[in-house]
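Working notes, beginning with the structure itself.
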Amino acid sequence: MKPKLTIERLKSAAKDFCERESTHSNKDLYGITDGKAVGTHIEHRFQVYLESRYEYNKGSAARGIDLPGDETDIKATSIRQPQSSCPFQDAAQKIFGLGYHLLLFVYEKTDDPARRTAVLDFLSCSFIEKSRTADYTTTFRIRQMLKDGANKEDIIAYLSDRQIPADEITLDSIATRLLSQAPEQGYLTLSNALQWRLQYARVVHLTDKVHGIDKLIDKVNR
């Protein structure tokens, strides 16, 4: 019987997967420049890798893996522009986090014309706990404001200036929540859109140890 997939086993599997795939010559990806297609390929291969080793329930396409207690979304992106999109649920995600963990694969793709194959070198792989998936600048400033004694009106004014995508009632509700619960410092950049545009450069280039961010593979900063 296969062991059940846990967070720690997921991290170990992701690291092993990156090390194996970084030496694998792939004919299917030769000449492919569509980042979404490459990302989908990586996610599929990782799912197959996990299925061969662990027992777990596969999540929907929007959420990569349904783990016990929490969900983890797989994201795969090129080192050239480490970003992706995710569904917009509500404006509070920018301040309190997405509500699920992220397993982030960052690759560099190299084509070999002589062999007509491609190699994906995984330069970075990080497990980002949901508490760290909020917007860096917004949470940094709000935490400062709360330390400085900001009131509800101050917070609402700031959120409005930041063009947080919410109406007055929602902003009031967020401000009330913030006065009783300071947000964790986020490490993503969340750009407002019909979908959140997530940017990961801060995580990729992170050298400090941060609770809630586990750098499983880091060839970028070594």
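Just remember, in the structure tokens the first chain shown is A, the second B, etc., residues are 1-based per chain, and ligands are 1-based in the order shown.
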Give me the residues of range 66-156 of chain A that have any atom at most 10 Å from an atom of range 26-37 of chain A; for each, the nearest atom pair and the distance in Å, rounded to one decimal. Use only C-alpha atoms, sort by chain and number, and format it as JSON lines.
```
{"residue": "A:Ala76", "atom": "CA", "partner": "A:Lys36", "partner_atom": "CA", "distance": 8.6}
{"residue": "A:Thr77", "atom": "CA", "partner": "A:Gly35", "partner_atom": "CA", "distance": 7.0}
{"residue": "A:Ser78", "atom": "CA", "partner": "A:Gly35", "partner_atom": "CA", "distance": 7.1}
{"residue": "A:Gln81", "atom": "CA", "partner": "A:Gly35", "partner_atom": "CA", "distance": 9.8}
{"residue": "A:Ser84", "atom": "CA", "partner": "A:Lys36", "partner_atom": "CA", "distance": 8.8}
{"residue": "A:Lys109", "atom": "CA", "partner": "A:Leu29", "partner_atom": "CA", "distance": 9.0}
{"residue": "A:Thr110", "atom": "CA", "partner": "A:Tyr30", "partner_atom": "CA", "distance": 8.6}
{"residue": "A:Asp111", "atom": "CA", "partner": "A:Tyr30", "partner_atom": "CA", "distance": 5.9}
{"residue": "A:Asp112", "atom": "CA", "partner": "A:Tyr30", "partner_atom": "CA", "distance": 7.8}
{"residue": "A:Pro113", "atom": "CA", "partner": "A:Tyr30", "partner_atom": "CA", "distance": 8.4}
{"residue": "A:Arg115", "atom": "CA", "partner": "A:Lys27", "partner_atom": "CA", "distance": 8.6}
{"residue": "A:Arg116", "atom": "CA", "partner": "A:Tyr30", "partner_atom": "CA", "distance": 6.0}
{"residue": "A:Thr117", "atom": "CA", "partner": "A:Lys27", "partner_atom": "CA", "distance": 4.4}
{"residue": "A:Ala118", "atom": "CA", "partner": "A:Tyr30", "partner_atom": "CA", "distance": 4.8}
{"residue": "A:Val119", "atom": "CA", "partner": "A:Asn26", "partner_atom": "CA", "distance": 6.1}
{"residue": "A:Leu120", "atom": "CA", "partner": "A:Asn26", "partner_atom": "CA", "distance": 8.3}
```
- request: Enumerate the residues of range 47-169 of chain A with a DSSP assignment of strand (DSSP E), computed from the backbone, and present them as a PyMOL selection string.
  value: chain A and resi 57-58+65-66+71-78+83-87+101-112+117-128
Based on the selection just made, write N, CA and C atoms of those residues as a short mmCIF file (atom, residue, chain, number, x, y, z; two decimals), in the first residue's frame.
```cif
data_model
loop_
_atom_site.label_atom_id
_atom_site.label_comp_id
_atom_site.auth_asym_id
_atom_site.auth_seq_id
_atom_site.Cartn_x
_atom_site.Cartn_y
_atom_site.Cartn_z
N ASN A 57 -5.74 12.45 -3.08
CA ASN A 57 -6.85 12.83 -3.94
C ASN A 57 -6.43 13.99 -4.82
N LYS A 58 -6.53 13.78 -6.13
CA LYS A 58 -6.18 14.85 -7.04
C LYS A 58 -7.22 15.95 -6.97
N ILE A 65 -3.35 20.02 -5.86
CA ILE A 65 -3.39 18.80 -5.06
C ILE A 65 -4.31 19.01 -3.88
N ASP A 66 -5.17 18.05 -3.63
CA ASP A 66 -6.04 18.10 -2.47
C ASP A 66 -5.36 17.32 -1.34
N GLU A 71 -5.29 22.72 0.87
CA GLU A 71 -5.02 22.51 -0.54
C GLU A 71 -3.71 23.18 -0.91
N THR A 72 -3.05 22.59 -1.89
CA THR A 72 -1.81 23.14 -2.41
C THR A 72 -1.93 23.25 -3.92
N ASP A 73 -1.64 24.42 -4.44
CA ASP A 73 -1.71 24.65 -5.87
C ASP A 73 -0.30 24.58 -6.45
N ILE A 74 -0.16 23.84 -7.54
CA ILE A 74 1.13 23.75 -8.24
C ILE A 74 1.23 24.88 -9.25
N LYS A 75 2.35 25.60 -9.22
CA LYS A 75 2.62 26.64 -10.20
C LYS A 75 3.98 26.36 -10.83
N ALA A 76 4.05 26.41 -12.15
CA ALA A 76 5.31 26.22 -12.87
C ALA A 76 5.50 27.40 -13.81
N THR A 77 6.67 28.03 -13.75
CA THR A 77 6.90 29.25 -14.52
C THR A 77 8.36 29.37 -14.92
N SER A 78 8.61 30.11 -15.98
CA SER A 78 9.97 30.30 -16.48
C SER A 78 10.73 31.31 -15.63
N GLN A 83 6.01 34.33 -13.16
CA GLN A 83 4.68 34.79 -12.80
C GLN A 83 3.63 33.82 -13.35
N SER A 84 2.42 33.93 -12.83
CA SER A 84 1.30 33.14 -13.32
C SER A 84 0.03 33.83 -12.87
N SER A 85 -1.10 33.24 -13.17
CA SER A 85 -2.37 33.80 -12.74
C SER A 85 -3.11 32.79 -11.88
N CYS A 86 -4.09 33.28 -11.13
CA CYS A 86 -4.93 32.39 -10.34
C CYS A 86 -6.30 33.04 -10.21
N PRO A 87 -7.33 32.26 -9.90
CA PRO A 87 -8.68 32.82 -9.80
C PRO A 87 -8.78 33.89 -8.72
N HIS A 101 -1.78 26.84 0.00
CA HIS A 101 -0.34 26.84 -0.20
C HIS A 101 0.01 26.84 -1.69
N LEU A 102 1.22 27.23 -2.00
CA LEU A 102 1.73 27.16 -3.37
C LEU A 102 3.00 26.32 -3.41
N LEU A 103 3.07 25.44 -4.38
CA LEU A 103 4.31 24.72 -4.68
C LEU A 103 4.80 25.30 -6.01
N LEU A 104 5.89 26.04 -5.95
CA LEU A 104 6.35 26.83 -7.10
C LEU A 104 7.57 26.20 -7.75
N PHE A 105 7.43 25.80 -9.02
CA PHE A 105 8.54 25.30 -9.83
C PHE A 105 8.97 26.42 -10.78
N VAL A 106 10.26 26.74 -10.78
CA VAL A 106 10.80 27.77 -11.68
C VAL A 106 11.90 27.12 -12.51
N TYR A 107 11.73 27.14 -13.83
CA TYR A 107 12.62 26.40 -14.71
C TYR A 107 13.30 27.31 -15.73
N GLU A 108 14.36 26.79 -16.31
CA GLU A 108 15.01 27.40 -17.48
C GLU A 108 15.01 26.34 -18.57
N LYS A 109 14.41 26.66 -19.71
CA LYS A 109 14.28 25.68 -20.79
C LYS A 109 15.37 25.92 -21.83
N THR A 110 16.04 24.84 -22.22
CA THR A 110 17.10 24.90 -23.23
C THR A 110 16.83 23.86 -24.30
N ASP A 111 16.80 24.30 -25.55
CA ASP A 111 16.61 23.37 -26.67
C ASP A 111 17.95 22.92 -27.24
N ASP A 112 18.02 21.66 -27.64
CA ASP A 112 19.21 21.09 -28.28
C ASP A 112 18.85 20.78 -29.73
N THR A 117 15.73 17.95 -28.80
CA THR A 117 15.14 17.71 -27.49
C THR A 117 15.26 19.00 -26.66
N ALA A 118 14.56 19.03 -25.56
CA ALA A 118 14.62 20.16 -24.64
C ALA A 118 14.91 19.65 -23.23
N VAL A 119 15.61 20.47 -22.47
CA VAL A 119 15.90 20.15 -21.07
C VAL A 119 15.33 21.27 -20.21
N LEU A 120 14.62 20.89 -19.17
CA LEU A 120 14.11 21.84 -18.19
C LEU A 120 15.00 21.78 -16.96
N ASP A 121 15.77 22.81 -16.76
CA ASP A 121 16.62 22.88 -15.58
C ASP A 121 15.86 23.65 -14.51
N PHE A 122 15.50 22.97 -13.44
CA PHE A 122 14.74 23.62 -12.37
C PHE A 122 15.71 24.40 -11.48
N LEU A 123 15.66 25.72 -11.62
CA LEU A 123 16.58 26.60 -10.90
C LEU A 123 16.08 26.91 -9.50
N SER A 124 14.78 26.78 -9.30
CA SER A 124 14.20 27.11 -8.00
C SER A 124 12.93 26.31 -7.80
N CYS A 125 12.72 25.86 -6.58
CA CYS A 125 11.48 25.21 -6.20
C CYS A 125 11.21 25.59 -4.75
N SER A 126 10.03 26.15 -4.51
CA SER A 126 9.71 26.63 -3.17
C SER A 126 8.32 26.18 -2.76
N PHE A 127 8.19 25.87 -1.48
CA PHE A 127 6.86 25.62 -0.91
C PHE A 127 6.50 26.86 -0.09
N ILE A 128 5.42 27.50 -0.49
CA ILE A 128 5.01 28.76 0.14
C ILE A 128 3.72 28.51 0.91
#
```
field: Selected residue, from A:Asp16, A:Asp161, A:Asp90, A:Glu129, that lies nearest to Trp196 in chain A when counting only C-alpha atoms
entry: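 Closest to Trp196 in chain A of all the choices is A:Asp90.
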- request: Skip range 208-210 of chain A itself and residues of its chain fewer than 2 positions away, then list as JSON, numbers by chain all residues within 12 Å of it, counting only C-alpha atoms.
  value: {"A": [126, 127, 128, 129, 131, 132, 184, 185, 186, 187, 202, 203, 204, 205, 206, 212, 213, 214, 215, 221]}
message: So that I can check the surroundings of range 154-159 of chain A, please list as a PyMOL selection string every protein, DNA and RNA residue that reaches within 6 Å of it, counting only C-alpha atoms and ignoring chain neighbours fewer than 4 positions away.
response: chain A and resi 150+164+175
message: Report, in Å with one decimal, the straight-line distance from CA of Phe17 in chain A to CA of Leu50 in chain A.
response: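 CA of Leu50 in chain A lies 9.2 Å from CA of Phe17 in chain A.
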- request: Just the residues within 12 Å of Gln181 in chain A, please, counting only C-alpha atoms, with nothing from its chain fewer than 5 positions along; format it as a PyMOL selection string.
  value: chain A and resi 95-96+139+142-143+146-147+174-176
- line: re CA of Leu198 in chain A and CA of Ser22 in chain A: distance 24.4 Å
